[in-house]
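File shown: final-v9.txt (compact mmCIF, N, CA and C atoms).
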# COMPACT_ATOMS: atom_id res chain seq x y z
N MET A 29 -73.84 -102.11 -104.75
CA MET A 29 -75.23 -102.50 -104.89
C MET A 29 -76.09 -101.72 -103.89
N THR A 30 -77.23 -101.29 -104.34
CA THR A 30 -78.14 -100.52 -103.50
C THR A 30 -79.18 -101.43 -102.88
N GLU A 31 -79.45 -101.17 -101.61
CA GLU A 31 -80.46 -101.93 -100.89
C GLU A 31 -81.37 -100.96 -100.16
N ILE A 32 -82.66 -101.14 -100.30
CA ILE A 32 -83.64 -100.33 -99.58
C ILE A 32 -84.51 -101.29 -98.76
N ASN A 33 -84.51 -101.09 -97.46
CA ASN A 33 -85.34 -101.92 -96.59
C ASN A 33 -86.40 -101.04 -95.94
N LYS A 34 -87.57 -101.64 -95.73
CA LYS A 34 -88.68 -100.90 -95.13
C LYS A 34 -89.23 -101.70 -93.96
N GLU A 35 -89.53 -101.01 -92.88
CA GLU A 35 -90.17 -101.65 -91.74
C GLU A 35 -90.98 -100.62 -90.98
N ASN A 36 -91.93 -101.10 -90.20
CA ASN A 36 -92.73 -100.21 -89.37
C ASN A 36 -92.31 -100.37 -87.93
N LYS A 37 -92.04 -99.23 -87.29
CA LYS A 37 -91.73 -99.19 -85.87
C LYS A 37 -92.81 -98.33 -85.23
N GLU A 38 -93.75 -99.02 -84.60
CA GLU A 38 -94.93 -98.37 -84.05
C GLU A 38 -95.65 -97.63 -85.18
N ASP A 39 -95.80 -96.32 -85.10
CA ASP A 39 -96.50 -95.60 -86.16
C ASP A 39 -95.52 -94.91 -87.13
N ILE A 40 -94.27 -95.32 -87.09
CA ILE A 40 -93.25 -94.71 -87.95
C ILE A 40 -92.80 -95.72 -89.00
N HIS A 41 -92.81 -95.27 -90.25
CA HIS A 41 -92.36 -96.09 -91.37
C HIS A 41 -90.87 -95.80 -91.58
N LEU A 42 -90.03 -96.81 -91.38
CA LEU A 42 -88.58 -96.64 -91.48
C LEU A 42 -88.08 -97.18 -92.82
N ILE A 43 -87.40 -96.31 -93.56
CA ILE A 43 -86.78 -96.69 -94.83
C ILE A 43 -85.27 -96.61 -94.62
N SER A 44 -84.59 -97.74 -94.79
CA SER A 44 -83.13 -97.79 -94.63
C SER A 44 -82.48 -97.92 -96.00
N VAL A 45 -81.49 -97.06 -96.24
CA VAL A 45 -80.83 -97.03 -97.53
C VAL A 45 -79.38 -97.48 -97.35
N LYS A 46 -78.96 -98.43 -98.18
CA LYS A 46 -77.59 -98.94 -98.11
C LYS A 46 -76.98 -98.88 -99.50
N GLY A 47 -75.75 -98.36 -99.59
CA GLY A 47 -75.05 -98.33 -100.86
C GLY A 47 -75.06 -96.95 -101.49
N GLU A 48 -75.39 -96.91 -102.77
CA GLU A 48 -75.37 -95.66 -103.54
C GLU A 48 -76.72 -95.41 -104.18
N ILE A 49 -77.13 -94.14 -104.18
CA ILE A 49 -78.34 -93.74 -104.89
C ILE A 49 -77.90 -92.86 -106.05
N ASP A 50 -78.01 -93.42 -107.24
CA ASP A 50 -77.64 -92.69 -108.45
C ASP A 50 -78.81 -92.77 -109.44
N ALA A 51 -78.57 -92.39 -110.68
CA ALA A 51 -79.65 -92.37 -111.67
C ALA A 51 -80.29 -93.74 -111.82
N GLY A 52 -79.50 -94.79 -111.76
CA GLY A 52 -80.03 -96.14 -111.93
C GLY A 52 -80.79 -96.66 -110.74
N SER A 53 -80.36 -96.30 -109.53
CA SER A 53 -80.97 -96.86 -108.33
C SER A 53 -81.96 -95.91 -107.65
N SER A 54 -82.06 -94.69 -108.13
CA SER A 54 -82.98 -93.73 -107.49
C SER A 54 -84.43 -94.19 -107.57
N ILE A 55 -84.74 -95.03 -108.55
CA ILE A 55 -86.10 -95.56 -108.68
C ILE A 55 -86.47 -96.40 -107.46
N LEU A 56 -85.48 -97.06 -106.84
CA LEU A 56 -85.75 -97.86 -105.65
C LEU A 56 -86.20 -96.97 -104.49
N LEU A 57 -85.53 -95.84 -104.32
CA LEU A 57 -85.92 -94.89 -103.28
C LEU A 57 -87.29 -94.29 -103.60
N ASP A 58 -87.50 -93.95 -104.85
CA ASP A 58 -88.78 -93.41 -105.29
C ASP A 58 -89.91 -94.41 -104.99
N ASN A 59 -89.67 -95.68 -105.29
CA ASN A 59 -90.68 -96.71 -105.03
C ASN A 59 -90.98 -96.84 -103.54
N ALA A 60 -89.96 -96.72 -102.70
CA ALA A 60 -90.15 -96.81 -101.25
C ALA A 60 -91.04 -95.67 -100.74
N PHE A 61 -90.80 -94.45 -101.24
CA PHE A 61 -91.63 -93.31 -100.85
C PHE A 61 -93.05 -93.47 -101.42
N ARG A 62 -93.15 -93.92 -102.65
CA ARG A 62 -94.46 -94.09 -103.29
C ARG A 62 -95.29 -95.12 -102.50
N GLU A 63 -94.64 -96.20 -102.08
CA GLU A 63 -95.33 -97.23 -101.30
C GLU A 63 -95.80 -96.68 -99.95
N ALA A 64 -94.97 -95.87 -99.31
CA ALA A 64 -95.36 -95.25 -98.03
C ALA A 64 -96.59 -94.36 -98.22
N LEU A 65 -96.61 -93.61 -99.31
CA LEU A 65 -97.76 -92.76 -99.61
C LEU A 65 -99.02 -93.61 -99.84
N LYS A 66 -98.86 -94.65 -100.64
CA LYS A 66 -99.98 -95.52 -100.97
C LYS A 66 -100.57 -96.16 -99.72
N ASN A 67 -99.71 -96.46 -98.76
CA ASN A 67 -100.14 -97.10 -97.52
C ASN A 67 -100.50 -96.09 -96.43
N ASN A 68 -100.60 -94.83 -96.83
CA ASN A 68 -101.05 -93.75 -95.94
C ASN A 68 -100.19 -93.59 -94.69
N LYS A 69 -98.86 -93.74 -94.86
CA LYS A 69 -97.93 -93.54 -93.74
C LYS A 69 -97.77 -92.04 -93.53
N LYS A 70 -97.90 -91.59 -92.28
CA LYS A 70 -97.81 -90.15 -91.98
C LYS A 70 -96.47 -89.75 -91.38
N LYS A 71 -95.69 -90.74 -90.90
CA LYS A 71 -94.39 -90.46 -90.31
C LYS A 71 -93.37 -91.39 -90.98
N ILE A 72 -92.42 -90.78 -91.69
CA ILE A 72 -91.41 -91.55 -92.41
C ILE A 72 -90.03 -91.13 -91.92
N ALA A 73 -89.25 -92.10 -91.50
CA ALA A 73 -87.86 -91.85 -91.11
C ALA A 73 -86.97 -92.56 -92.12
N ALA A 74 -85.96 -91.86 -92.61
CA ALA A 74 -85.03 -92.44 -93.57
C ALA A 74 -83.67 -92.58 -92.91
N ASP A 75 -83.24 -93.83 -92.76
CA ASP A 75 -81.93 -94.14 -92.18
C ASP A 75 -80.91 -94.13 -93.31
N LEU A 76 -80.06 -93.13 -93.31
CA LEU A 76 -79.05 -92.97 -94.37
C LEU A 76 -77.65 -93.29 -93.85
N SER A 77 -77.56 -94.01 -92.74
CA SER A 77 -76.25 -94.29 -92.13
C SER A 77 -75.37 -95.19 -92.99
N GLU A 78 -75.98 -95.97 -93.89
CA GLU A 78 -75.19 -96.82 -94.77
C GLU A 78 -75.22 -96.34 -96.22
N LEU A 79 -75.66 -95.09 -96.41
CA LEU A 79 -75.62 -94.48 -97.73
C LEU A 79 -74.21 -93.96 -97.98
N GLU A 80 -73.58 -94.47 -99.02
CA GLU A 80 -72.19 -94.10 -99.31
C GLU A 80 -72.09 -92.94 -100.30
N TYR A 81 -73.09 -92.80 -101.16
CA TYR A 81 -73.03 -91.80 -102.22
C TYR A 81 -74.45 -91.49 -102.67
N ILE A 82 -74.70 -90.23 -103.01
CA ILE A 82 -75.99 -89.85 -103.59
C ILE A 82 -75.74 -88.87 -104.73
N SER A 83 -76.36 -89.13 -105.86
CA SER A 83 -76.22 -88.26 -107.02
C SER A 83 -77.36 -87.24 -107.02
N SER A 84 -77.33 -86.37 -108.02
CA SER A 84 -78.41 -85.39 -108.14
C SER A 84 -79.74 -86.08 -108.39
N ALA A 85 -79.72 -87.24 -109.04
CA ALA A 85 -80.97 -87.98 -109.26
C ALA A 85 -81.53 -88.46 -107.93
N GLY A 86 -80.68 -88.92 -107.05
CA GLY A 86 -81.12 -89.35 -105.73
C GLY A 86 -81.66 -88.20 -104.91
N LEU A 87 -80.96 -87.08 -104.95
CA LEU A 87 -81.43 -85.89 -104.24
C LEU A 87 -82.76 -85.42 -104.80
N GLY A 88 -82.91 -85.58 -106.11
CA GLY A 88 -84.15 -85.20 -106.78
C GLY A 88 -85.35 -85.97 -106.25
N VAL A 89 -85.14 -87.22 -105.83
CA VAL A 89 -86.25 -88.01 -105.26
C VAL A 89 -86.75 -87.34 -103.99
N PHE A 90 -85.83 -86.95 -103.11
CA PHE A 90 -86.24 -86.28 -101.87
C PHE A 90 -86.99 -84.98 -102.20
N ILE A 91 -86.43 -84.20 -103.09
CA ILE A 91 -87.03 -82.91 -103.45
C ILE A 91 -88.40 -83.09 -104.08
N SER A 92 -88.54 -84.12 -104.92
CA SER A 92 -89.80 -84.32 -105.64
C SER A 92 -90.97 -84.64 -104.71
N TYR A 93 -90.69 -85.14 -103.51
CA TYR A 93 -91.77 -85.50 -102.59
C TYR A 93 -92.09 -84.41 -101.57
N LEU A 94 -91.28 -83.38 -101.48
CA LEU A 94 -91.49 -82.35 -100.46
C LEU A 94 -92.91 -81.78 -100.48
N GLU A 95 -93.35 -81.37 -101.64
CA GLU A 95 -94.66 -80.73 -101.75
C GLU A 95 -95.79 -81.73 -101.46
N GLU A 96 -95.66 -82.94 -102.00
CA GLU A 96 -96.69 -83.96 -101.79
C GLU A 96 -96.78 -84.36 -100.31
N PHE A 97 -95.63 -84.51 -99.67
CA PHE A 97 -95.63 -84.84 -98.24
C PHE A 97 -96.28 -83.72 -97.44
N SER A 98 -95.93 -82.50 -97.76
CA SER A 98 -96.49 -81.36 -97.05
C SER A 98 -98.01 -81.29 -97.24
N ALA A 99 -98.47 -81.47 -98.46
CA ALA A 99 -99.90 -81.41 -98.76
C ALA A 99 -100.68 -82.50 -98.05
N ASN A 100 -100.03 -83.63 -97.78
CA ASN A 100 -100.70 -84.77 -97.14
C ASN A 100 -100.35 -84.92 -95.66
N ASN A 101 -99.76 -83.87 -95.08
CA ASN A 101 -99.37 -83.89 -93.66
C ASN A 101 -98.49 -85.08 -93.31
N ILE A 102 -97.55 -85.38 -94.18
CA ILE A 102 -96.60 -86.46 -93.95
C ILE A 102 -95.29 -85.84 -93.48
N GLN A 103 -94.79 -86.37 -92.36
CA GLN A 103 -93.53 -85.88 -91.82
C GLN A 103 -92.40 -86.81 -92.28
N LEU A 104 -91.30 -86.21 -92.73
CA LEU A 104 -90.12 -86.96 -93.15
C LEU A 104 -88.93 -86.48 -92.34
N VAL A 105 -88.22 -87.43 -91.73
CA VAL A 105 -87.01 -87.12 -90.98
C VAL A 105 -85.89 -88.01 -91.50
N LEU A 106 -84.75 -87.41 -91.82
CA LEU A 106 -83.57 -88.15 -92.26
C LEU A 106 -82.59 -88.23 -91.10
N PHE A 107 -81.90 -89.36 -90.97
CA PHE A 107 -80.91 -89.46 -89.90
C PHE A 107 -79.74 -90.33 -90.33
N GLY A 108 -78.63 -90.16 -89.58
CA GLY A 108 -77.46 -91.00 -89.77
C GLY A 108 -76.63 -90.67 -90.99
N ILE A 109 -76.77 -89.48 -91.53
CA ILE A 109 -76.06 -89.15 -92.77
C ILE A 109 -74.57 -88.96 -92.50
N LYS A 110 -73.75 -89.67 -93.28
CA LYS A 110 -72.30 -89.52 -93.18
C LYS A 110 -71.92 -88.11 -93.62
N GLU A 111 -70.84 -87.59 -93.08
CA GLU A 111 -70.42 -86.22 -93.37
C GLU A 111 -70.22 -85.98 -94.86
N SER A 112 -69.62 -86.93 -95.56
CA SER A 112 -69.36 -86.74 -97.00
C SER A 112 -70.67 -86.64 -97.79
N VAL A 113 -71.69 -87.36 -97.38
CA VAL A 113 -72.98 -87.30 -98.05
C VAL A 113 -73.73 -86.05 -97.61
N LYS A 114 -73.63 -85.70 -96.32
CA LYS A 114 -74.31 -84.52 -95.80
C LYS A 114 -73.83 -83.25 -96.50
N GLN A 115 -72.57 -83.22 -96.88
CA GLN A 115 -72.03 -82.05 -97.58
C GLN A 115 -72.78 -81.80 -98.88
N VAL A 116 -73.19 -82.86 -99.56
CA VAL A 116 -73.95 -82.72 -100.81
C VAL A 116 -75.31 -82.10 -100.50
N PHE A 117 -75.97 -82.55 -99.45
CA PHE A 117 -77.26 -81.97 -99.04
C PHE A 117 -77.07 -80.49 -98.69
N ASP A 118 -75.98 -80.19 -97.95
CA ASP A 118 -75.73 -78.81 -97.50
C ASP A 118 -75.43 -77.87 -98.66
N ILE A 119 -74.64 -78.33 -99.62
CA ILE A 119 -74.28 -77.51 -100.78
C ILE A 119 -75.53 -77.04 -101.51
N LEU A 120 -76.51 -77.92 -101.60
CA LEU A 120 -77.76 -77.59 -102.30
C LEU A 120 -78.79 -76.91 -101.40
N GLY A 121 -78.44 -76.72 -100.13
CA GLY A 121 -79.35 -76.05 -99.20
C GLY A 121 -80.51 -76.93 -98.74
N LEU A 122 -80.37 -78.24 -98.92
CA LEU A 122 -81.47 -79.14 -98.55
C LEU A 122 -81.65 -79.27 -97.05
N GLU A 123 -80.62 -78.91 -96.27
CA GLU A 123 -80.79 -78.97 -94.82
C GLU A 123 -81.82 -77.95 -94.35
N LYS A 124 -82.15 -76.98 -95.22
CA LYS A 124 -83.18 -76.00 -94.89
C LYS A 124 -84.57 -76.51 -95.25
N LEU A 125 -84.65 -77.49 -96.15
CA LEU A 125 -85.93 -78.02 -96.61
C LEU A 125 -86.30 -79.35 -95.97
N LEU A 126 -85.30 -80.09 -95.54
CA LEU A 126 -85.49 -81.42 -94.96
C LEU A 126 -85.07 -81.41 -93.50
N LEU A 127 -85.76 -82.17 -92.69
CA LEU A 127 -85.37 -82.30 -91.29
C LEU A 127 -84.33 -83.40 -91.21
N ILE A 128 -83.11 -83.02 -90.82
CA ILE A 128 -81.99 -83.95 -90.74
C ILE A 128 -81.48 -83.95 -89.31
N VAL A 129 -81.44 -85.14 -88.71
CA VAL A 129 -80.95 -85.30 -87.34
C VAL A 129 -79.86 -86.37 -87.33
N LYS A 130 -79.17 -86.48 -86.20
CA LYS A 130 -78.01 -87.38 -86.13
C LYS A 130 -78.37 -88.85 -85.96
N THR A 131 -79.24 -89.18 -85.01
CA THR A 131 -79.46 -90.58 -84.66
C THR A 131 -80.90 -91.01 -84.89
N GLU A 132 -81.11 -92.32 -84.87
CA GLU A 132 -82.46 -92.85 -84.99
C GLU A 132 -83.33 -92.38 -83.83
N LYS A 133 -82.76 -92.36 -82.63
CA LYS A 133 -83.51 -91.88 -81.47
C LYS A 133 -83.95 -90.43 -81.68
N ASP A 134 -83.03 -89.58 -82.19
CA ASP A 134 -83.38 -88.19 -82.48
C ASP A 134 -84.52 -88.12 -83.49
N ALA A 135 -84.45 -89.00 -84.49
CA ALA A 135 -85.49 -89.02 -85.53
C ALA A 135 -86.84 -89.39 -84.93
N MET A 136 -86.86 -90.42 -84.11
CA MET A 136 -88.12 -90.87 -83.51
C MET A 136 -88.72 -89.79 -82.60
N ASN A 137 -87.87 -89.00 -81.97
CA ASN A 137 -88.33 -87.92 -81.10
C ASN A 137 -88.71 -86.66 -81.87
N ALA A 138 -88.35 -86.59 -83.14
CA ALA A 138 -88.56 -85.38 -83.92
C ALA A 138 -89.98 -85.26 -84.49
N PHE A 139 -90.70 -86.36 -84.49
CA PHE A 139 -92.05 -86.34 -85.07
C PHE A 139 -93.03 -85.65 -84.14
N ASP A 140 -93.97 -84.91 -84.77
CA ASP A 140 -95.08 -84.32 -84.02
C ASP A 140 -96.08 -85.43 -83.74
N ASP A 141 -96.76 -85.32 -82.63
CA ASP A 141 -97.79 -86.33 -82.31
C ASP A 141 -99.11 -86.02 -82.97
Represent the structure contained in this file as structure tokens.
Amino acid sequence: MTEINKENKEDIHLISVKGEIDAGSSILLDNAFREALKNNKKKIAADLSELEYISSAGLGVFISYLEEFSANNIQLVLFGIKESVKQVFDILGLEKLLLIVKTEKDAMNAFDD
């Protein structure tokens, strides 16, 4: 079962993903990003430490927001990705398009002021 939790930590919008993001559950991730945009969040951190699996549909959600985030000066930082999941990001070259760090502390320090 997929779980997406959202919370605000100071000026950073934290989205935590638990379980699997596939074609059926990718809409949950999409909705979380859409809500952050609607609420004019400029700093988004995605905690993927409990993400067990991501399909191409899930990866597509991240890719689909790259241009919109850039156009709206929204920073996105991913952290806590398990090695098995990170390999999927790496195979597609997404580590070159997305800022991926190891820990939540690293993520919080990665944002521009």
Listing only residues of segment 99-131 of chain A within 7 Å of segment 76-81 of chain A, what is the closest atom pair and its distance in Å (to one decimal) for each, using only C-alpha atoms, sorted by chain and residue number ascending, as a Markdown table?
| residue | atom | partner | partner_atom | distance |
| --- | --- | --- | --- | --- |
| A:Leu106 | CA | A:Leu76 | CA | 6.9 |
| A:Phe107 | CA | A:Leu76 | CA | 6.0 |
| A:Gly108 | CA | A:Ser77 | CA | 4.2 |
| A:Ile109 | CA | A:Leu76 | CA | 5.1 |
| A:Lys110 | CA | A:Ser77 | CA | 6.3 |
| A:Val113 | CA | A:Tyr81 | CA | 6.1 |
Next on the checklist: Please compute the atom CA of Gly121 of chain A-atom C of Gly52 of chain A distance, one decimal, in Å.
Outcome noted: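 Value for the atom CA of Gly121 of chain A-atom C of Gly52 of chain A distance: 23.7 Å.
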Item to check | chain A: residues DSSP assigns to strand (DSSP E or B), reported as an MDAnalysis selection string | outcome: chainID A and resid 31:37 40:49 71:82 103:107 127:129
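As for atom CA of Val45 of chain A and atom C of Asp140 of chain A, they are spaced 23.6 Å apart.
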Checklist entry - Counting all atoms listed in the file, what is within 5 Å of segment 64-74 of chain A, bar same-chain residues fewer than 3 positions away, as a PyMOL selection string? => result chain A and resi 40-43+60-61+102-107
Checklist outcome for this item: If you count all atoms listed in the file, the residue of A:Ala51, A:Phe117, A:Arg62, A:Glu111 closest to Gly86 of chain A turns out to be A:Ala51
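The residue that comes closest to Met136 of chain A, out of A:Ile91, A:Ser112, A:Lys46, A:Glu38 and on the basis of only C-alpha atoms, is A:Glu38.
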Next on the checklist: For a test of reading the model, state the distance in Å between atom N of Asp141 of chain A and atom CA of Val116 of chain A, rounded to one decimal.
Outcome noted: 29.3 Å
Item to check | For Ser44 of chain A: contacts at 6 Å, only C-alpha atoms, fewer than 4 positions along chain excluded, given as a list in words | outcome: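 Result of the neighbour search: Ile32, Asn33, Ala74 and Asp75 of chain A.
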Item to check | Backbone-only DSSP, helix (DSSP H, G or I) members of segment 47-114 of chain A, as an MDAnalysis selection string | outcome: chainID A and resid 54:66 84:99 111:114
Serialized selection, N, CA and C atoms, as a compact mmCIF listing (two decimals), keeping the file's coordinate frame:
# COMPACT_ATOMS: atom_id res chain seq x y z
N SER A 54 -82.06 -94.69 -108.13
CA SER A 54 -82.98 -93.73 -107.49
C SER A 54 -84.43 -94.19 -107.57
N ILE A 55 -84.74 -95.03 -108.55
CA ILE A 55 -86.10 -95.56 -108.68
C ILE A 55 -86.47 -96.40 -107.46
N LEU A 56 -85.48 -97.06 -106.84
CA LEU A 56 -85.75 -97.86 -105.65
C LEU A 56 -86.20 -96.97 -104.49
N LEU A 57 -85.53 -95.84 -104.32
CA LEU A 57 -85.92 -94.89 -103.28
C LEU A 57 -87.29 -94.29 -103.60
N ASP A 58 -87.50 -93.95 -104.85
CA ASP A 58 -88.78 -93.41 -105.29
C ASP A 58 -89.91 -94.41 -104.99
N ASN A 59 -89.67 -95.68 -105.29
CA ASN A 59 -90.68 -96.71 -105.03
C ASN A 59 -90.98 -96.84 -103.54
N ALA A 60 -89.96 -96.72 -102.70
CA ALA A 60 -90.15 -96.81 -101.25
C ALA A 60 -91.04 -95.67 -100.74
N PHE A 61 -90.80 -94.45 -101.24
CA PHE A 61 -91.63 -93.31 -100.85
C PHE A 61 -93.05 -93.47 -101.42
N ARG A 62 -93.15 -93.92 -102.65
CA ARG A 62 -94.46 -94.09 -103.29
C ARG A 62 -95.29 -95.12 -102.50
N GLU A 63 -94.64 -96.20 -102.08
CA GLU A 63 -95.33 -97.23 -101.30
C GLU A 63 -95.80 -96.68 -99.95
N ALA A 64 -94.97 -95.87 -99.31
CA ALA A 64 -95.36 -95.25 -98.03
C ALA A 64 -96.59 -94.36 -98.22
N LEU A 65 -96.61 -93.61 -99.31
CA LEU A 65 -97.76 -92.76 -99.61
C LEU A 65 -99.02 -93.61 -99.84
N LYS A 66 -98.86 -94.65 -100.64
CA LYS A 66 -99.98 -95.52 -100.97
C LYS A 66 -100.57 -96.16 -99.72
N SER A 84 -77.33 -86.37 -108.02
CA SER A 84 -78.41 -85.39 -108.14
C SER A 84 -79.74 -86.08 -108.39
N ALA A 85 -79.72 -87.24 -109.04
CA ALA A 85 -80.97 -87.98 -109.26
C ALA A 85 -81.53 -88.46 -107.93
N GLY A 86 -80.68 -88.92 -107.05
CA GLY A 86 -81.12 -89.35 -105.73
C GLY A 86 -81.66 -88.20 -104.91
N LEU A 87 -80.96 -87.08 -104.95
CA LEU A 87 -81.43 -85.89 -104.24
C LEU A 87 -82.76 -85.42 -104.80
N GLY A 88 -82.91 -85.58 -106.11
CA GLY A 88 -84.15 -85.20 -106.78
C GLY A 88 -85.35 -85.97 -106.25
N VAL A 89 -85.14 -87.22 -105.83
CA VAL A 89 -86.25 -88.01 -105.26
C VAL A 89 -86.75 -87.34 -103.99
N PHE A 90 -85.83 -86.95 -103.11
CA PHE A 90 -86.24 -86.28 -101.87
C PHE A 90 -86.99 -84.98 -102.20
N ILE A 91 -86.43 -84.20 -103.09
CA ILE A 91 -87.03 -82.91 -103.45
C ILE A 91 -88.40 -83.09 -104.08
N SER A 92 -88.54 -84.12 -104.92
CA SER A 92 -89.80 -84.32 -105.64
C SER A 92 -90.97 -84.64 -104.71
N TYR A 93 -90.69 -85.14 -103.51
CA TYR A 93 -91.77 -85.50 -102.59
C TYR A 93 -92.09 -84.41 -101.57
N LEU A 94 -91.28 -83.38 -101.48
CA LEU A 94 -91.49 -82.35 -100.46
C LEU A 94 -92.91 -81.78 -100.48
N GLU A 95 -93.35 -81.37 -101.64
CA GLU A 95 -94.66 -80.73 -101.75
C GLU A 95 -95.79 -81.73 -101.46
N GLU A 96 -95.66 -82.94 -102.00
CA GLU A 96 -96.69 -83.96 -101.79
C GLU A 96 -96.78 -84.36 -100.31
N PHE A 97 -95.63 -84.51 -99.67
CA PHE A 97 -95.63 -84.84 -98.24
C PHE A 97 -96.28 -83.72 -97.44
N SER A 98 -95.93 -82.50 -97.76
CA SER A 98 -96.49 -81.36 -97.05
C SER A 98 -98.01 -81.29 -97.24
N ALA A 99 -98.47 -81.47 -98.46
CA ALA A 99 -99.90 -81.41 -98.76
C ALA A 99 -100.68 -82.50 -98.05
N GLU A 111 -70.84 -87.59 -93.08
CA GLU A 111 -70.42 -86.22 -93.37
C GLU A 111 -70.22 -85.98 -94.86
N SER A 112 -69.62 -86.93 -95.56
CA SER A 112 -69.36 -86.74 -97.00
C SER A 112 -70.67 -86.64 -97.79
N VAL A 113 -71.69 -87.36 -97.38
CA VAL A 113 -72.98 -87.30 -98.05
C VAL A 113 -73.73 -86.05 -97.61
N LYS A 114 -73.63 -85.70 -96.32
CA LYS A 114 -74.31 -84.52 -95.80
C LYS A 114 -73.83 -83.25 -96.50
Your completed segment 76-87 of chain A with N, CA, C and O atoms, as a PDB file, in the frame of the given file:
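Result file out_20.pdb:
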ATOM      1  N   LEU A  76     -80.060 -93.130 -93.310  1.00  0.00           N
ATOM      2  CA  LEU A  76     -79.050 -92.970 -94.370  1.00  0.00           C
ATOM      3  C   LEU A  76     -77.650 -93.290 -93.850  1.00  0.00           C
ATOM      4  O   LEU A  76     -76.658 -92.911 -94.476  1.00  0.00           O
ATOM      5  N   SER A  77     -77.560 -94.010 -92.740  1.00  0.00           N
ATOM      6  CA  SER A  77     -76.250 -94.290 -92.130  1.00  0.00           C
ATOM      7  C   SER A  77     -75.370 -95.190 -92.990  1.00  0.00           C
ATOM      8  O   SER A  77     -74.154 -95.173 -92.855  1.00  0.00           O
ATOM      9  N   GLU A  78     -75.980 -95.970 -93.890  1.00  0.00           N
ATOM     10  CA  GLU A  78     -75.190 -96.820 -94.770  1.00  0.00           C
ATOM     11  C   GLU A  78     -75.220 -96.340 -96.220  1.00  0.00           C
ATOM     12  O   GLU A  78     -74.831 -97.067 -97.125  1.00  0.00           O
ATOM     13  N   LEU A  79     -75.660 -95.090 -96.410  1.00  0.00           N
ATOM     14  CA  LEU A  79     -75.620 -94.480 -97.730  1.00  0.00           C
ATOM     15  C   LEU A  79     -74.210 -93.960 -97.980  1.00  0.00           C
ATOM     16  O   LEU A  79     -73.706 -93.131 -97.229  1.00  0.00           O
ATOM     17  N   GLU A  80     -73.580 -94.470 -99.020  1.00  0.00           N
ATOM     18  CA  GLU A  80     -72.190 -94.100 -99.310  1.00  0.00           C
ATOM     19  C   GLU A  80     -72.090 -92.940-100.300  1.00  0.00           C
ATOM     20  O   GLU A  80     -71.104 -92.202-100.307  1.00  0.00           O
ATOM     21  N   TYR A  81     -73.090 -92.800-101.160  1.00  0.00           N
ATOM     22  CA  TYR A  81     -73.030 -91.800-102.220  1.00  0.00           C
ATOM     23  C   TYR A  81     -74.450 -91.490-102.670  1.00  0.00           C
ATOM     24  O   TYR A  81     -75.305 -92.378-102.707  1.00  0.00           O
ATOM     25  N   ILE A  82     -74.700 -90.230-103.010  1.00  0.00           N
ATOM     26  CA  ILE A  82     -75.990 -89.850-103.590  1.00  0.00           C
ATOM     27  C   ILE A  82     -75.740 -88.870-104.730  1.00  0.00           C
ATOM     28  O   ILE A  82     -74.966 -87.915-104.589  1.00  0.00           O
ATOM     29  N   SER A  83     -76.360 -89.130-105.860  1.00  0.00           N
ATOM     30  CA  SER A  83     -76.220 -88.260-107.020  1.00  0.00           C
ATOM     31  C   SER A  83     -77.360 -87.240-107.020  1.00  0.00           C
ATOM     32  O   SER A  83     -78.257 -87.290-106.182  1.00  0.00           O
ATOM     33  N   SER A  84     -77.330 -86.370-108.020  1.00  0.00           N
ATOM     34  CA  SER A  84     -78.410 -85.390-108.140  1.00  0.00           C
ATOM     35  C   SER A  84     -79.740 -86.080-108.390  1.00  0.00           C
ATOM     36  O   SER A  84     -80.783 -85.605-107.938  1.00  0.00           O
ATOM     37  N   ALA A  85     -79.720 -87.240-109.040  1.00  0.00           N
ATOM     38  CA  ALA A  85     -80.970 -87.980-109.260  1.00  0.00           C
ATOM     39  C   ALA A  85     -81.530 -88.460-107.930  1.00  0.00           C
ATOM     40  O   ALA A  85     -82.747 -88.400-107.695  1.00  0.00           O
ATOM     41  N   GLY A  86     -80.680 -88.920-107.050  1.00  0.00           N
ATOM     42  CA  GLY A  86     -81.120 -89.350-105.730  1.00  0.00           C
ATOM     43  C   GLY A  86     -81.660 -88.200-104.910  1.00  0.00           C
ATOM     44  O   GLY A  86     -82.699 -88.315-104.254  1.00  0.00           O
ATOM     45  N   LEU A  87     -80.960 -87.080-104.950  1.00  0.00           N
ATOM     46  CA  LEU A  87     -81.430 -85.890-104.240  1.00  0.00           C
ATOM     47  C   LEU A  87     -82.760 -85.420-104.800  1.00  0.00           C
ATOM     48  O   LEU A  87     -83.636 -84.961-104.063  1.00  0.00           O
TER      49      LEU A  87
END
